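Data from data.cif: mmCIF, C-alpha atoms and all ligand atoms
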data_target
#
loop_
_atom_site.group_PDB
_atom_site.id
_atom_site.type_symbol
_atom_site.label_atom_id
_atom_site.label_comp_id
_atom_site.auth_asym_id
_atom_site.auth_seq_id
_atom_site.Cartn_x
_atom_site.Cartn_y
_atom_site.Cartn_z
ATOM 1 C CA MET A 100 0.000 0.000 0.000
ATOM 2 C CA LYS A 101 1.259 3.447 -0.849
ATOM 3 C CA ARG A 102 0.158 6.251 1.396
ATOM 4 C CA ILE A 103 -0.092 9.552 -0.456
ATOM 5 C CA LYS A 104 0.779 12.607 1.532
ATOM 6 C CA ILE A 105 -2.048 14.956 0.639
ATOM 7 C CA ASP A 106 -0.058 18.123 1.179
ATOM 8 C CA GLU A 107 2.650 17.035 -1.243
ATOM 9 C CA ALA A 108 0.117 15.900 -3.819
ATOM 10 C CA ILE A 109 -1.762 19.189 -3.628
ATOM 11 C CA LEU A 110 1.405 21.216 -3.872
ATOM 12 C CA SER A 111 2.768 19.409 -6.895
ATOM 13 C CA ALA A 112 -0.612 19.656 -8.669
ATOM 14 C CA ASN A 113 -0.479 23.351 -7.834
ATOM 15 C CA ASP A 114 2.978 23.675 -9.335
ATOM 16 C CA LEU A 115 1.832 22.093 -12.608
ATOM 17 C CA ILE A 116 -0.911 24.702 -12.949
ATOM 18 C CA ALA A 117 1.540 27.435 -11.901
ATOM 19 C CA ARG A 118 3.650 26.402 -14.885
ATOM 20 C CA GLU A 119 0.612 26.775 -17.180
ATOM 21 C CA ASN A 120 -0.007 30.219 -15.697
ATOM 22 C CA ARG A 121 3.611 31.101 -16.378
ATOM 23 C CA ALA A 122 3.191 30.182 -20.041
ATOM 24 C CA ILE A 123 0.115 32.438 -20.265
ATOM 25 C CA PHE A 124 1.961 35.300 -18.532
ATOM 26 C CA ASP A 125 4.828 34.844 -20.983
ATOM 27 C CA ARG A 126 2.460 35.045 -23.959
ATOM 28 C CA HIS A 127 1.392 38.466 -22.644
ATOM 29 C CA ARG A 128 5.070 39.278 -21.887
ATOM 30 C CA ALA A 129 3.992 40.370 -18.393
ATOM 31 C CA LEU A 130 6.090 40.874 -15.269
ATOM 32 C CA VAL A 131 4.038 39.298 -12.481
ATOM 33 C CA LEU A 132 4.413 40.322 -8.839
ATOM 34 C CA ASN A 133 2.668 38.396 -6.052
ATOM 35 C CA ILE A 134 2.259 40.828 -3.149
ATOM 36 C CA ILE A 135 1.942 39.160 0.240
ATOM 37 C CA SER A 136 1.374 40.800 3.619
ATOM 38 C CA ALA A 137 -0.670 40.672 6.781
ATOM 39 C CA PRO A 138 -4.083 42.346 6.593
ATOM 40 C CA GLY A 139 -3.724 46.121 6.669
ATOM 41 C CA ALA A 140 0.005 46.393 5.889
ATOM 42 C CA GLY A 141 -0.793 48.401 2.756
ATOM 43 C CA LYS A 142 -1.135 46.092 -0.281
ATOM 44 C CA THR A 143 -4.063 47.930 -1.860
ATOM 45 C CA SER A 144 -2.503 51.316 -1.085
ATOM 46 C CA LEU A 145 0.738 50.166 -2.719
ATOM 47 C CA ILE A 146 -1.078 48.920 -5.818
ATOM 48 C CA ARG A 147 -2.968 52.195 -6.103
ATOM 49 C CA SER A 148 0.230 54.263 -5.838
ATOM 50 C CA THR A 149 1.968 51.988 -8.350
ATOM 51 C CA ILE A 150 -0.766 52.376 -10.955
ATOM 52 C CA GLU A 151 -0.744 56.153 -10.436
ATOM 53 C CA LYS A 152 3.045 56.372 -10.867
ATOM 54 C CA LEU A 153 3.208 53.997 -13.833
ATOM 55 C CA SER A 154 0.213 55.349 -15.723
ATOM 56 C CA ASP A 155 1.903 54.779 -19.091
ATOM 57 C CA LEU A 156 2.116 51.007 -18.516
ATOM 58 C CA ARG A 157 -0.497 48.367 -19.246
ATOM 59 C CA ILE A 158 -1.214 47.017 -15.768
ATOM 60 C CA VAL A 159 -3.669 44.337 -14.636
ATOM 61 C CA VAL A 160 -4.559 43.811 -10.979
ATOM 62 C CA ILE A 161 -5.707 40.473 -9.596
ATOM 63 C CA GLU A 162 -7.431 40.899 -6.245
ATOM 64 C CA GLY A 163 -7.625 37.933 -3.885
ATOM 65 C CA ASP A 164 -10.105 38.167 -1.040
ATOM 66 C CA ILE A 165 -11.934 35.625 1.037
ATOM 67 C CA THR A 166 -15.133 37.488 0.246
ATOM 68 C CA GLY A 167 -16.290 40.777 -1.253
ATOM 69 C CA SER A 168 -14.589 43.258 -3.549
ATOM 70 C CA LEU A 169 -13.881 46.317 -1.388
ATOM 71 C CA ASP A 170 -10.243 46.568 -2.497
ATOM 72 C CA ALA A 171 -11.169 46.262 -6.192
ATOM 73 C CA GLN A 172 -13.701 49.051 -5.691
ATOM 74 C CA ARG A 173 -10.921 51.238 -4.257
ATOM 75 C CA LEU A 174 -9.036 50.883 -7.544
ATOM 76 C CA GLU A 175 -11.879 51.091 -10.042
ATOM 77 C CA ASP A 176 -11.505 54.823 -10.592
ATOM 78 C CA ILE A 177 -7.903 54.449 -11.791
ATOM 79 C CA THR A 178 -7.998 51.218 -13.789
ATOM 80 C CA PRO A 179 -10.627 49.077 -15.520
ATOM 81 C CA HIS A 180 -8.292 46.074 -15.492
ATOM 82 C CA ILE A 181 -9.123 44.403 -12.185
ATOM 83 C CA LEU A 182 -9.910 40.713 -11.803
ATOM 84 C CA GLN A 183 -11.508 39.747 -8.507
ATOM 85 C CA ILE A 184 -11.072 36.279 -7.047
ATOM 86 C CA ASN A 185 -13.038 35.241 -3.959
ATOM 87 C CA THR A 186 -11.350 32.312 -2.274
ATOM 88 C CA GLY A 187 -14.278 31.338 -0.034
ATOM 89 C CA SER A 188 -12.675 29.814 3.024
ATOM 90 C CA ALA A 189 -9.127 29.608 1.624
ATOM 91 C CA CYS A 190 -6.566 31.894 3.256
ATOM 92 C CA HIS A 191 -4.432 32.196 0.098
ATOM 93 C CA LEU A 192 -4.529 32.315 -3.686
ATOM 94 C CA ASP A 193 -3.389 29.141 -5.397
ATOM 95 C CA ALA A 194 -2.402 28.499 -9.004
ATOM 96 C CA ARG A 195 -5.805 27.085 -9.971
ATOM 97 C CA MET A 196 -7.612 30.200 -8.744
ATOM 98 C CA ILE A 197 -5.236 32.428 -10.695
ATOM 99 C CA ARG A 198 -5.640 30.178 -13.760
ATOM 100 C CA SER A 199 -9.397 30.714 -13.707
ATOM 101 C CA ALA A 200 -8.884 34.490 -13.726
ATOM 102 C CA LEU A 201 -6.447 34.422 -16.650
ATOM 103 C CA ASP A 202 -9.230 33.686 -19.170
ATOM 104 C CA TYR A 203 -10.338 37.274 -18.533
ATOM 105 C CA LEU A 204 -7.006 38.992 -19.168
ATOM 106 C CA PRO A 205 -7.241 41.734 -21.779
ATOM 107 C CA PRO A 206 -5.776 40.612 -25.110
ATOM 108 C CA GLY A 207 -2.285 41.614 -26.238
ATOM 109 C CA PRO A 208 0.811 42.651 -24.357
ATOM 110 C CA ILE A 209 0.581 43.476 -20.655
ATOM 111 C CA ASP A 210 3.513 45.110 -18.884
ATOM 112 C CA LEU A 211 2.729 44.320 -15.292
ATOM 113 C CA ILE A 212 0.355 42.073 -13.374
ATOM 114 C CA LEU A 213 0.016 42.922 -9.682
ATOM 115 C CA ILE A 214 -1.510 40.184 -7.553
ATOM 116 C CA GLU A 215 -2.887 41.210 -4.156
ATOM 117 C CA ASN A 216 -2.858 37.966 -2.231
ATOM 118 C CA VAL A 217 -5.171 37.263 0.710
ATOM 119 C CA GLY A 218 -3.937 39.113 3.808
ATOM 120 C CA ASN A 219 -1.858 36.514 5.618
ATOM 121 C CA LEU A 220 1.870 35.896 6.061
ATOM 122 C CA VAL A 221 1.674 32.094 6.151
ATOM 123 C CA CYS A 222 -0.286 30.189 3.459
ATOM 124 C CA PRO A 223 0.134 32.611 0.517
ATOM 125 C CA ALA A 224 3.878 31.943 0.635
ATOM 126 C CA GLU A 225 3.315 28.202 0.188
ATOM 127 C CA PHE A 226 1.590 28.377 -3.193
ATOM 128 C CA ARG A 227 3.379 29.308 -6.406
ATOM 129 C CA VAL A 228 1.008 30.902 -8.872
ATOM 130 C CA GLY A 229 3.455 31.377 -11.767
ATOM 131 C CA GLU A 230 4.692 34.763 -10.610
ATOM 132 C CA ASP A 231 8.116 36.250 -11.382
ATOM 133 C CA HIS A 232 8.579 37.486 -7.830
ATOM 134 C CA LYS A 233 6.985 37.284 -4.446
ATOM 135 C CA ILE A 234 7.020 40.653 -2.691
ATOM 136 C CA ALA A 235 6.931 40.544 1.124
ATOM 137 C CA LEU A 236 5.269 43.658 2.518
ATOM 138 C CA ILE A 237 5.375 44.507 6.211
ATOM 139 C CA SER A 238 4.514 47.745 7.947
ATOM 140 C CA THR A 239 6.068 49.556 10.862
ATOM 141 C CA ALA A 240 2.794 49.222 12.762
ATOM 142 C CA GLU A 241 3.005 45.442 13.050
ATOM 143 C CA GLY A 242 6.415 44.806 14.666
ATOM 144 C CA ASP A 243 9.839 44.084 13.209
ATOM 145 C CA ASP A 244 9.934 40.394 14.137
ATOM 146 C CA LYS A 245 7.902 39.145 11.159
ATOM 147 C CA PRO A 246 10.887 37.714 9.230
ATOM 148 C CA LEU A 247 11.715 35.510 12.223
ATOM 149 C CA LYS A 248 8.139 34.415 12.831
ATOM 150 C CA TYR A 249 7.144 33.750 9.211
ATOM 151 C CA PRO A 250 10.448 32.751 7.589
ATOM 152 C CA LEU A 251 9.099 30.994 4.475
ATOM 153 C CA LEU A 252 7.756 34.183 2.925
ATOM 154 C CA PHE A 253 11.039 36.041 3.492
ATOM 155 C CA GLN A 254 13.025 33.071 2.209
ATOM 156 C CA LEU A 255 11.066 33.052 -1.060
ATOM 157 C CA ALA A 256 10.574 36.790 -1.585
ATOM 158 C CA SER A 257 12.854 38.773 -3.897
ATOM 159 C CA LEU A 258 11.989 42.035 -2.200
ATOM 160 C CA LEU A 259 11.023 43.178 1.289
ATOM 161 C CA LEU A 260 8.952 46.350 1.355
ATOM 162 C CA ILE A 261 8.692 48.075 4.723
ATOM 163 C CA ASN A 262 5.665 50.368 4.526
ATOM 164 C CA LYS A 263 4.308 53.097 6.837
ATOM 165 C CA ILE A 264 7.682 54.657 7.633
ATOM 166 C CA ASP A 265 5.722 57.838 8.410
ATOM 167 C CA LEU A 266 4.601 56.040 11.597
ATOM 168 C CA LEU A 267 8.148 55.199 12.781
ATOM 169 C CA PRO A 268 8.193 57.915 15.491
ATOM 170 C CA HIS A 269 5.139 56.303 17.074
ATOM 171 C CA THR A 270 6.340 52.686 17.110
ATOM 172 C CA ASP A 271 9.286 50.655 18.420
ATOM 173 C CA PHE A 272 9.851 49.147 14.952
ATOM 174 C CA SER A 273 13.552 48.936 14.066
ATOM 175 C CA ILE A 274 14.287 49.038 10.321
ATOM 176 C CA ASP A 275 17.813 47.735 11.013
ATOM 177 C CA ARG A 276 16.503 44.727 12.940
ATOM 178 C CA ALA A 277 13.901 43.869 10.305
ATOM 179 C CA ILE A 278 16.528 44.058 7.539
ATOM 180 C CA ARG A 279 19.042 42.040 9.564
ATOM 181 C CA TRP A 280 16.538 39.275 10.337
ATOM 182 C CA ALA A 281 15.231 39.124 6.773
ATOM 183 C CA GLY A 282 18.861 38.961 5.566
ATOM 184 C CA GLN A 283 19.625 36.069 7.915
ATOM 185 C CA ILE A 284 16.787 34.092 6.336
ATOM 186 C CA ASN A 285 17.486 35.209 2.775
ATOM 187 C CA PRO A 286 20.827 36.921 2.108
ATOM 188 C CA LYS A 287 19.667 37.858 -1.401
ATOM 189 C CA ILE A 288 16.526 39.723 -0.366
ATOM 190 C CA GLU A 289 16.478 43.420 -1.255
ATOM 191 C CA THR A 290 14.736 45.950 0.990
ATOM 192 C CA ILE A 291 12.936 49.197 0.253
ATOM 193 C CA THR A 292 11.405 51.370 2.969
ATOM 194 C CA LEU A 293 8.474 53.539 1.957
ATOM 195 C CA SER A 294 5.257 55.224 2.911
ATOM 196 C CA CYS A 295 2.221 54.874 0.699
ATOM 197 C CA LYS A 296 0.711 57.740 2.685
ATOM 198 C CA THR A 297 3.424 60.378 2.150
ATOM 199 C CA GLY A 298 4.930 58.879 -1.011
ATOM 200 C CA GLU A 299 8.420 58.749 0.545
ATOM 201 C CA GLY A 300 10.470 55.904 -0.939
ATOM 202 C CA LEU A 301 7.924 55.063 -3.639
ATOM 203 C CA GLU A 302 10.371 56.101 -6.361
ATOM 204 C CA ARG A 303 12.726 53.294 -5.269
ATOM 205 C CA TRP A 304 9.899 50.762 -5.644
ATOM 206 C CA ILE A 305 9.095 52.167 -9.085
ATOM 207 C CA GLU A 306 12.804 51.904 -10.005
ATOM 208 C CA TRP A 307 12.816 48.287 -8.798
ATOM 209 C CA ILE A 308 9.841 47.507 -11.059
ATOM 210 C CA SER A 309 11.428 49.328 -14.018
ATOM 211 C CA ARG A 310 14.665 47.385 -13.539
ATOM 212 C CA HIS A 311 12.781 44.080 -13.610
ATOM 213 C CA LEU A 312 10.673 45.146 -16.589
ATOM 214 C CA ASN A 313 13.882 45.967 -18.464
ATOM 215 C CA ALA A 314 15.448 42.658 -17.449
ATOM 216 C CA LYS A 315 12.474 40.864 -19.051
ATOM 217 C CA GLY A 316 13.065 42.870 -22.241
HETATM 218 N N1 LIG A 401 0.084 55.918 8.088
HETATM 219 C C1 LIG A 401 0.064 55.147 7.011
HETATM 220 N N2 LIG A 401 -1.053 54.449 6.711
HETATM 221 C C2 LIG A 401 -1.031 53.669 5.611
HETATM 222 C C3 LIG A 401 0.088 53.558 4.770
HETATM 223 N N3 LIG A 401 -0.203 52.676 3.781
HETATM 224 C C4 LIG A 401 -1.465 52.274 3.990
HETATM 225 N N4 LIG A 401 -1.979 52.870 5.090
HETATM 226 C C5 LIG A 401 -3.319 52.696 5.666
HETATM 227 O O1 LIG A 401 -3.380 51.407 6.249
HETATM 228 C C6 LIG A 401 -4.695 50.870 6.110
HETATM 229 C C7 LIG A 401 -4.635 49.529 5.406
HETATM 230 O O2 LIG A 401 -4.131 49.731 4.085
HETATM 231 P P1 LIG A 401 -4.516 48.774 2.879
HETATM 232 O O3 LIG A 401 -3.819 49.301 1.678
HETATM 233 O O4 LIG A 401 -5.994 48.599 2.818
HETATM 234 O O5 LIG A 401 -3.841 47.413 3.380
HETATM 235 P P2 LIG A 401 -4.057 45.910 2.864
HETATM 236 O O6 LIG A 401 -5.072 45.277 3.760
HETATM 237 O O7 LIG A 401 -2.716 45.258 2.999
HETATM 238 O O8 LIG A 401 -4.505 46.002 1.438
HETATM 239 C C8 LIG A 401 -5.497 51.906 5.342
HETATM 240 O O9 LIG A 401 -6.229 52.683 6.265
HETATM 241 C C9 LIG A 401 -4.426 52.746 4.641
HETATM 242 O O10 LIG A 401 -4.851 54.064 4.390
HETATM 243 C C10 LIG A 401 1.259 54.314 5.108
HETATM 244 O O11 LIG A 401 2.300 54.284 4.443
HETATM 245 N N5 LIG A 401 1.180 55.075 6.245
HETATM 246 MG MG MG A 402 -6.158 45.199 0.493
#
Represent the structure contained in this file as structure tokens.
Amino acid sequence: MKRIKIDEAILSANDLIARENRAIFDRHRALVLNIISAPGAGKTSLIRSTIEKLSDLRIVVIEGDITGSLDAQRLEDITPHILQINTGSACHLDARMIRSALDYLPPGPIDLILIENVGNLVCPAEFRVGEDHKIALISTAEGDDKPLKYPLLFQLASLLLINKIDLLPHTDFSIDRAIRWAGQINPKIETITLSCKTGEGLERWIEWISRHLNAKG
């Protein structure tokens, strides 16, 4: 008798669909960023600022929520290209969910696809969806120990964004500690500190995106 470990089976099935997603993304020549954070760290705010700053690019947003479409509604005035996925009880987006949204991509080239994953630092990191990069977003309001407590995300992410630096005077968050701990888990991770509220640091995030768009050609 062979006992199948369900988790492994689910994950490898997920990875097969992630590969299909990747092929679809490649046909559109899109750079795909999977943005992962705890609830309230600033994913929707970041996406809004990004669309505003990169208004000459063709950008599609995929919104993942357990229920409802409040975040999509917050973006509707600046882009028509929003695909909403409701995960039901699932605390993450998986490759199959993303695959079902890709039938609704606008035709032709797309520069950038921004995926707002379900707010959670654990499960979203476990599921590849065919993205180019996972972006780990934390905010100064939630403590600087997140890299140590949720290492998988920081191990897999290409970039750590530390948002809400405007709140630093009111918190005990240490940027140095957060960067050091993230670096211990993933020496290759880059870090950008920013505030979606004041706009400080956003230009470095935009430069990071431009660099990766150029690298894709
Ligand atoms: N002070 C401050 N508030 C922010 C910043 N970025 C986002 N917020 C606020 O934090 C709350 C949650 O942001 P949201 O983008 O909805 O986070 P999400 O749940 O990760 O999508 C909202 O009230 C935002 O206005 C920031 O840089 N500074
Ligand atoms: Mg949001």
Sorted by chain and rising residue number, which residues of chain A lie within 7 Å of ligand MG 402 (chain A), and what are their closest atom pairs and distances in Å to one decimal, counting all atoms listed in the file, as JSON lines?
{"residue": "A:Gly139", "atom": "CA", "partner": "A:MG402", "partner_atom": "MG", "distance": 6.7}
{"residue": "A:Gly141", "atom": "CA", "partner": "A:MG402", "partner_atom": "MG", "distance": 6.6}
{"residue": "A:Lys142", "atom": "CA", "partner": "A:MG402", "partner_atom": "MG", "distance": 5.2}
{"residue": "A:Thr143", "atom": "CA", "partner": "A:MG402", "partner_atom": "MG", "distance": 4.2}
{"residue": "A:Asp170", "atom": "CA", "partner": "A:MG402", "partner_atom": "MG", "distance": 5.2}
{"residue": "A:Glu215", "atom": "CA", "partner": "A:MG402", "partner_atom": "MG", "distance": 6.9}
Residues just named, written with C-alpha atoms as a PDB file, keeping the file's coordinate frame:
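This went into again_9.pdb:
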ATOM      1  CA  GLY A 139      -3.724  46.121   6.669  1.00  0.00           C
ATOM      2  CA  GLY A 141      -0.793  48.401   2.756  1.00  0.00           C
ATOM      3  CA  LYS A 142      -1.135  46.092  -0.281  1.00  0.00           C
ATOM      4  CA  THR A 143      -4.063  47.930  -1.860  1.00  0.00           C
ATOM      5  CA  ASP A 170     -10.243  46.568  -2.497  1.00  0.00           C
ATOM      6  CA  GLU A 215      -2.887  41.210  -4.156  1.00  0.00           C
TER       7      GLU A 215
END
Write out as a Markdown table the residues of segment 131-226 of chain A that have any atom within 7 Å of an atom of segment 283-305 of chain A, one row each with the nearest atom pair and its distance in Å to one decimal, counting only C-alpha atoms, sorted by chain and then rising number.
| residue | atom | partner | partner_atom | distance |
| --- | --- | --- | --- | --- |
| A:Ser144 | CA | A:Cys295 | CA | 6.2 |
| A:Leu145 | CA | A:Cys295 | CA | 6.0 |
| A:Ser148 | CA | A:Cys295 | CA | 6.9 |
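Minimum distance to Ala194 of chain A across A:Ala224, A:Ile116, A:Leu213, A:Ile146 (counting all atoms listed in the file) occurs at A:Ile116.
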Starting from the displayed file, determine the output of the PyMOL selection byres (((chain A and resi 263-273) around 6) and not hetatm) and express the residue list as an NGL selection string.
:A and (238-239 or 242-243 or 262 or 274-276 or 293-294)
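Closest approach to ligand LIG 401 (chain A) among A:His311, A:Arg121, A:Arg173, A:Arg128: A:Arg173, based on only C-alpha atoms and all ligand atoms.
Checking A:Ile184, A:Ala171, A:Ala122, A:Ala256 one by one against ligand LIG 401 (chain A), counting only C-alpha atoms and all ligand atoms, you find the shortest gap at A:Ala171.
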- Query: If the PyMOL selection byres (((chain A and resi 216) around 7) and not hetatm) is run on the structure shown, which residues does it catch, given as a PyMOL selection string?
  - Reply: chain A and resi 133-135+162-163+191-192+214-215+217-218+223
Between A:Asp244, A:Gly229, A:Gly282, A:Asp164, smallest distance to Leu259 of chain A by all atoms listed in the file belongs to A:Gly282
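Closest approach to Arg198 of chain A from the set A:Glu230, A:Ala108, A:Lys315, A:Trp307 is made by A:Glu230, with distances taken over all atoms listed in the file.
Nearest to ligand LIG 401 (chain A) of all the residues A:Asn219, A:Ser111, A:Asn313, A:Asn120 is A:Asn219, based on only C-alpha atoms and all ligand atoms.
What the PyMOL selection byres (((chain A and resi 232) around 6) and not hetatm) matches in the given file is Leu132, Glu230, Asp231, Lys233 and Ser257 of chain A.
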For the selection you just gave me, I'd like the residues written to a file as an mmCIF file, in the coordinates of the input, keeping C-alpha atoms.
data_model
loop_
_atom_site.group_PDB
_atom_site.id
_atom_site.type_symbol
_atom_site.label_atom_id
_atom_site.label_comp_id
_atom_site.auth_asym_id
_atom_site.auth_seq_id
_atom_site.Cartn_x
_atom_site.Cartn_y
_atom_site.Cartn_z
ATOM 1 C CA LEU A 132 4.413 40.322 -8.839
ATOM 2 C CA GLU A 230 4.692 34.763 -10.610
ATOM 3 C CA ASP A 231 8.116 36.250 -11.382
ATOM 4 C CA LYS A 233 6.985 37.284 -4.446
ATOM 5 C CA SER A 257 12.854 38.773 -3.897
#
(request) Write out as a PyMOL selection string each polymer residue whose atoms come within 6 Å of segment 202-212 of chain A, counting all atoms listed in the file; drop sequence neighbours fewer than 5 positions from it. (result) chain A and resi 127-131+157-160
What separates atom CA of Val221 of chain A and atom CA of His180 of chain A is a distance of 27.6 Å
| request: Fewer than 3 positions away in the same chain doesn't count, so skip those; otherwise give me all residues within 7 Å of Ser136 of chain A, counting only C-alpha atoms, as a PyMOL selection string. | output: chain A and resi 140+218-220+235-237
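With atom CA of Ala281 of chain A on one side and atom CA of Asp193 of chain A on the other, the separation reads 24.4 Å.
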Atom CA of Leu247 of chain A sits from atom CA of Phe226 of chain A at a separation of 19.8 Å
